[in-house]
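K.L.:
I have a structure I would like to understand better, so I am pasting it below and will then ask my questions one at a time.
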Amino acid sequence: MKKHFRIFILISILITAALCGCTDKNGLSADTSKETAELFAMDTVMNLTAYGENAKQAINAASDEIKRLDAVFSISSSGGDIKSINETGSGSVSSDTAALINRATDISKNTDGLFDCTIAPVMDAWGFTTKNYRIPETTELKTLLASVDYNKISITDNTVTLPENMKIDLGGIAKGFTSNRIMEIFSQNGVSSGIISLGGNVQALGSKPDGSPWRIAIQDPININSTFAVLNVENKAVITSGGYQRYFEKDGKKYHHIINPRTGYPADSGLISVTIVSSDGTLADALSTALFIMGKDQAADYWRKHSSDFEAVLVTENGDVCITQGLENSFEMSDGSAAEIII
């Protein structure tokens, strides 16, 4: 990849291999049923693909579950858990919401607060939740940051209590939780080969019907017909965070939506994109944010301590590409060059 290359990375699904005429290692044959669905939820377009005898049933069940979770987790959905808690400061929530908040706080502790679902008031101040973009004053951010602290969330069974002025936003982890749930639904319906893209959050079940890995391409939207890399995966989530995804410009400067909970400002870590590869979509979703804020060196150190849980692709602001060692045999640069391998 060229240095000083303006990278706007998105994830796309490349399903290039044709189904063969024999039964593959998943027990699927050439006439295996394929079902797809496209829907809009969680503020993004979602695409679902499943193969198998019960593929249609699986797709329908997954679509219904996405809509249900969207209503439950949304910060703006009337009657949803998160909107209700943010307005009242306390209340009983669904088991899904309780589980996700608990998971969010666990990951927050593990990343020393660089992922923090209580960042919502700061996101509001910048206008990323309302699209009324503005640059908050430093004094305003300092006041708001006093209410950003995952440790102050109280959750007992399914009852959640927040301190005054605290709000929760699960947007940085909800799609990963949802993709995990869809994988469960697929499996429960006998689907052993499937892939989904929840607004770029990709998760794959098994391999492709012909037995080969799914090929997940990291593309350059400046030239949508080219990619800078491809990942070959099975049973993995591939989730990317980057400053190019949501931002606004003021006086020639860009302000992106990945806010550092320690400063209240958009993260300026030297990274412009982080892709996490993990069997756990929830973890991958949250870590893509946390590692982006960490920067290359701290992210590499974090991976060394947790290498059994995930792999990562890091892209620096000067266009250098770094991958963790576990991706060495599954990551391909489109131009044939070699990425730096973090060991």
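If you're wondering about the labels, chains in the structure tokens are A, B, ... by order shown, residues count from 1 in each chain, ligands from 1 in order shown.
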Each residue of region 152-266 of chain A with at least one atom at most 12 Å from region 34-40 of chain A should appear once, together with its nearest atom pair and the corresponding distance in Å (one decimal); atoms considered: only C-alpha atoms; ordering: chain, then increasing residue number; output as CSV.
P.N.:
residue,atom,partner,partner_atom,distance
A:Phe186,CA,A:Glu35,CA,11.6
A:Val191,CA,A:Lys34,CA,10.3
A:Ser192,CA,A:Lys34,CA,11.9
A:Ser193,CA,A:Lys34,CA,9.7
A:Gly194,CA,A:Lys34,CA,9.1
A:Ile195,CA,A:Thr36,CA,9.7
A:Ile196,CA,A:Thr36,CA,9.4
A:Ser197,CA,A:Glu38,CA,9.6
A:Leu198,CA,A:Phe40,CA,9.1
A:Gly199,CA,A:Phe40,CA,9.0
A:Lys208,CA,A:Lys34,CA,11.5
A:Pro209,CA,A:Lys34,CA,9.8
K.L.:
Keeping N, CA and C atoms for every residue in the selection just given, could you write it to a file as a PDB file, in the first residue's frame?
P.N.:
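Below you can see part14.pdb, which holds the result:
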ATOM      1  N   PHE A 186     -28.346 -19.566  13.060  1.00  0.00           N
ATOM      2  CA  PHE A 186     -28.001 -20.384  11.898  1.00  0.00           C
ATOM      3  C   PHE A 186     -27.740 -21.828  12.330  1.00  0.00           C
ATOM      4  N   VAL A 191     -27.887 -24.811   9.754  1.00  0.00           N
ATOM      5  CA  VAL A 191     -27.019 -24.172   8.769  1.00  0.00           C
ATOM      6  C   VAL A 191     -25.572 -24.310   9.228  1.00  0.00           C
ATOM      7  N   SER A 192     -24.726 -24.832   8.376  1.00  0.00           N
ATOM      8  CA  SER A 192     -23.312 -24.982   8.714  1.00  0.00           C
ATOM      9  C   SER A 192     -22.421 -24.128   7.829  1.00  0.00           C
ATOM     10  N   SER A 193     -23.026 -23.403   6.886  1.00  0.00           N
ATOM     11  CA  SER A 193     -22.279 -22.518   5.998  1.00  0.00           C
ATOM     12  C   SER A 193     -23.094 -21.250   5.788  1.00  0.00           C
ATOM     13  N   GLY A 194     -22.554 -20.131   6.246  1.00  0.00           N
ATOM     14  CA  GLY A 194     -23.274 -18.874   6.090  1.00  0.00           C
ATOM     15  C   GLY A 194     -22.367 -17.699   6.371  1.00  0.00           C
ATOM     16  N   ILE A 195     -22.781 -16.529   5.918  1.00  0.00           N
ATOM     17  CA  ILE A 195     -21.987 -15.327   6.142  1.00  0.00           C
ATOM     18  C   ILE A 195     -22.917 -14.124   6.198  1.00  0.00           C
ATOM     19  N   ILE A 196     -22.571 -13.170   7.050  1.00  0.00           N
ATOM     20  CA  ILE A 196     -23.398 -11.981   7.208  1.00  0.00           C
ATOM     21  C   ILE A 196     -22.517 -10.737   7.221  1.00  0.00           C
ATOM     22  N   SER A 197     -23.086  -9.641   6.806  1.00  0.00           N
ATOM     23  CA  SER A 197     -22.416  -8.347   6.882  1.00  0.00           C
ATOM     24  C   SER A 197     -23.397  -7.363   7.489  1.00  0.00           C
ATOM     25  N   LEU A 198     -23.116  -6.950   8.710  1.00  0.00           N
ATOM     26  CA  LEU A 198     -23.962  -5.988   9.401  1.00  0.00           C
ATOM     27  C   LEU A 198     -23.303  -4.624   9.278  1.00  0.00           C
ATOM     28  N   GLY A 199     -23.528  -3.991   8.138  1.00  0.00           N
ATOM     29  CA  GLY A 199     -22.916  -2.706   7.901  1.00  0.00           C
ATOM     30  C   GLY A 199     -21.410  -2.766   7.866  1.00  0.00           C
ATOM     31  N   LYS A 208     -17.043 -21.807   3.061  1.00  0.00           N
ATOM     32  CA  LYS A 208     -17.966 -21.723   1.929  1.00  0.00           C
ATOM     33  C   LYS A 208     -18.490 -23.124   1.605  1.00  0.00           C
ATOM     34  N   PRO A 209     -19.619 -23.223   0.925  1.00  0.00           N
ATOM     35  CA  PRO A 209     -20.197 -24.537   0.624  1.00  0.00           C
ATOM     36  C   PRO A 209     -19.262 -25.476  -0.129  1.00  0.00           C
TER      37      PRO A 209
END
K.L.:
Would you pick out the contacts of region 319-327 of chain A at 10 Å or less, using only C-alpha atoms, so that residues sharing its chain but fewer than 4 positions from it are not included, and give the list as number ranges by chain?
P.N.:
A: 1-7, 228-229, 231-233, 271-277, 296, 300, 303-304, 307-308, 310-315, 331-333, 338-343
K.L.:
Please write the residues from the selection above to a file, keeping C-alpha atoms, as a PDB file, in the first residue's frame.
P.N.:
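Saved the output as selection_28.pdb:
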ATOM      1  CA  MET A   1       0.000   0.000   0.000  1.00  0.00           C
ATOM      2  CA  LYS A   2       1.304   3.417  -0.867  1.00  0.00           C
ATOM      3  CA  LYS A   3       2.237   5.729   1.950  1.00  0.00           C
ATOM      4  CA  HIS A   4       0.151   8.863   2.455  1.00  0.00           C
ATOM      5  CA  PHE A   5      -2.640   6.839   0.820  1.00  0.00           C
ATOM      6  CA  ARG A   6      -6.059   8.096   1.814  1.00  0.00           C
ATOM      7  CA  ILE A   7      -7.652   4.934   3.105  1.00  0.00           C
ATOM      8  CA  PHE A 228      -5.468  -3.659  -0.422  1.00  0.00           C
ATOM      9  CA  ALA A 229      -5.871  -7.028   1.329  1.00  0.00           C
ATOM     10  CA  LEU A 231      -8.457 -12.342   4.717  1.00  0.00           C
ATOM     11  CA  ASN A 232      -9.248 -16.065   4.419  1.00  0.00           C
ATOM     12  CA  VAL A 233     -11.400 -17.102   7.375  1.00  0.00           C
ATOM     13  CA  LEU A 271      -3.874   4.577  13.280  1.00  0.00           C
ATOM     14  CA  ILE A 272      -6.550   5.125  10.654  1.00  0.00           C
ATOM     15  CA  SER A 273      -8.014   1.626  10.605  1.00  0.00           C
ATOM     16  CA  VAL A 274      -8.117  -1.415  12.865  1.00  0.00           C
ATOM     17  CA  THR A 275      -9.557  -4.757  11.803  1.00  0.00           C
ATOM     18  CA  ILE A 276     -10.119  -7.429  14.442  1.00  0.00           C
ATOM     19  CA  VAL A 277     -10.457 -11.123  13.577  1.00  0.00           C
ATOM     20  CA  LYS A 296       0.097   0.707  17.108  1.00  0.00           C
ATOM     21  CA  ALA A 300       0.601  -4.715  19.697  1.00  0.00           C
ATOM     22  CA  TRP A 303      -2.431  -8.451  21.455  1.00  0.00           C
ATOM     23  CA  ARG A 304       0.642 -10.180  22.891  1.00  0.00           C
ATOM     24  CA  SER A 307      -3.270 -13.462  21.387  1.00  0.00           C
ATOM     25  CA  SER A 308      -5.499 -16.485  21.986  1.00  0.00           C
ATOM     26  CA  PHE A 310      -8.080 -12.317  18.506  1.00  0.00           C
ATOM     27  CA  GLU A 311      -5.852 -11.226  15.626  1.00  0.00           C
ATOM     28  CA  ALA A 312      -5.574  -7.754  14.148  1.00  0.00           C
ATOM     29  CA  VAL A 313      -4.747  -5.727  11.047  1.00  0.00           C
ATOM     30  CA  LEU A 314      -3.491  -2.220  11.840  1.00  0.00           C
ATOM     31  CA  VAL A 315      -3.164   0.523   9.238  1.00  0.00           C
ATOM     32  CA  PHE A 331      -3.731 -12.479   5.012  1.00  0.00           C
ATOM     33  CA  GLU A 332      -2.901 -11.411   1.467  1.00  0.00           C
ATOM     34  CA  MET A 333      -1.864  -7.950   0.292  1.00  0.00           C
ATOM     35  CA  ALA A 338       4.356  -8.031   2.592  1.00  0.00           C
ATOM     36  CA  ALA A 339       2.804  -6.504   5.672  1.00  0.00           C
ATOM     37  CA  GLU A 340       4.801  -5.981   8.836  1.00  0.00           C
ATOM     38  CA  ILE A 341       4.179  -8.924  11.154  1.00  0.00           C
ATOM     39  CA  ILE A 342       3.770  -8.224  14.859  1.00  0.00           C
ATOM     40  CA  ILE A 343       5.224 -11.057  16.932  1.00  0.00           C
TER      41      ILE A 343
END
K.L.:
Ranking A:Asp64, A:Asp297, A:Glu328, A:Asp43 by minimum distance to Ile185 (chain A) and counting only C-alpha atoms, which one comes first?
P.N.:
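The answer is A:Asp64, which sits nearest to Ile185 (chain A).
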K.L.:
Figure out the distance between CA of Gly270 (chain A) and CA of Gly252 (chain A), please, to one decimal in Å.
P.N.:
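Value for the CA of Gly252 (chain A)-CA of Gly270 (chain A) distance: 18.9 Å.
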K.L.:
Hey, which of A:Asn132, A:Ser92, A:Thr97, A:Thr143 ends up closest to Val72 (chain A)? Count only C-alpha atoms.
P.N.:
A:Thr97
K.L.:
Which of these, A:Asp309, A:Glu317, A:Glu184, A:Asp280, has the shortest distance to Gly295 (chain A) once you count only C-alpha atoms?
P.N.:
A:Glu317
K.L.:
Taking into account only C-alpha atoms, which residue in the set A:Tyr265, A:Phe177, A:Phe292, A:Phe248 is nearest to Ile66 (chain A)?
P.N.:
A:Phe177
K.L.:
How many Å lie between CA of Val122 (chain A) and CA of Gln298 (chain A), rounded to one decimal?
P.N.:
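Rounded to one decimal, the two atoms are 23.9 Å apart.
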K.L.:
Where does DSSP see helix (DSSP H, G or I) in region 84-325 of chain A, if you list the residues as a PyMOL selection string?
P.N.:
chain A and resi 84-88+95-110+120-126+138-145+150-152+174-188+221-223+281-294+296-305+325
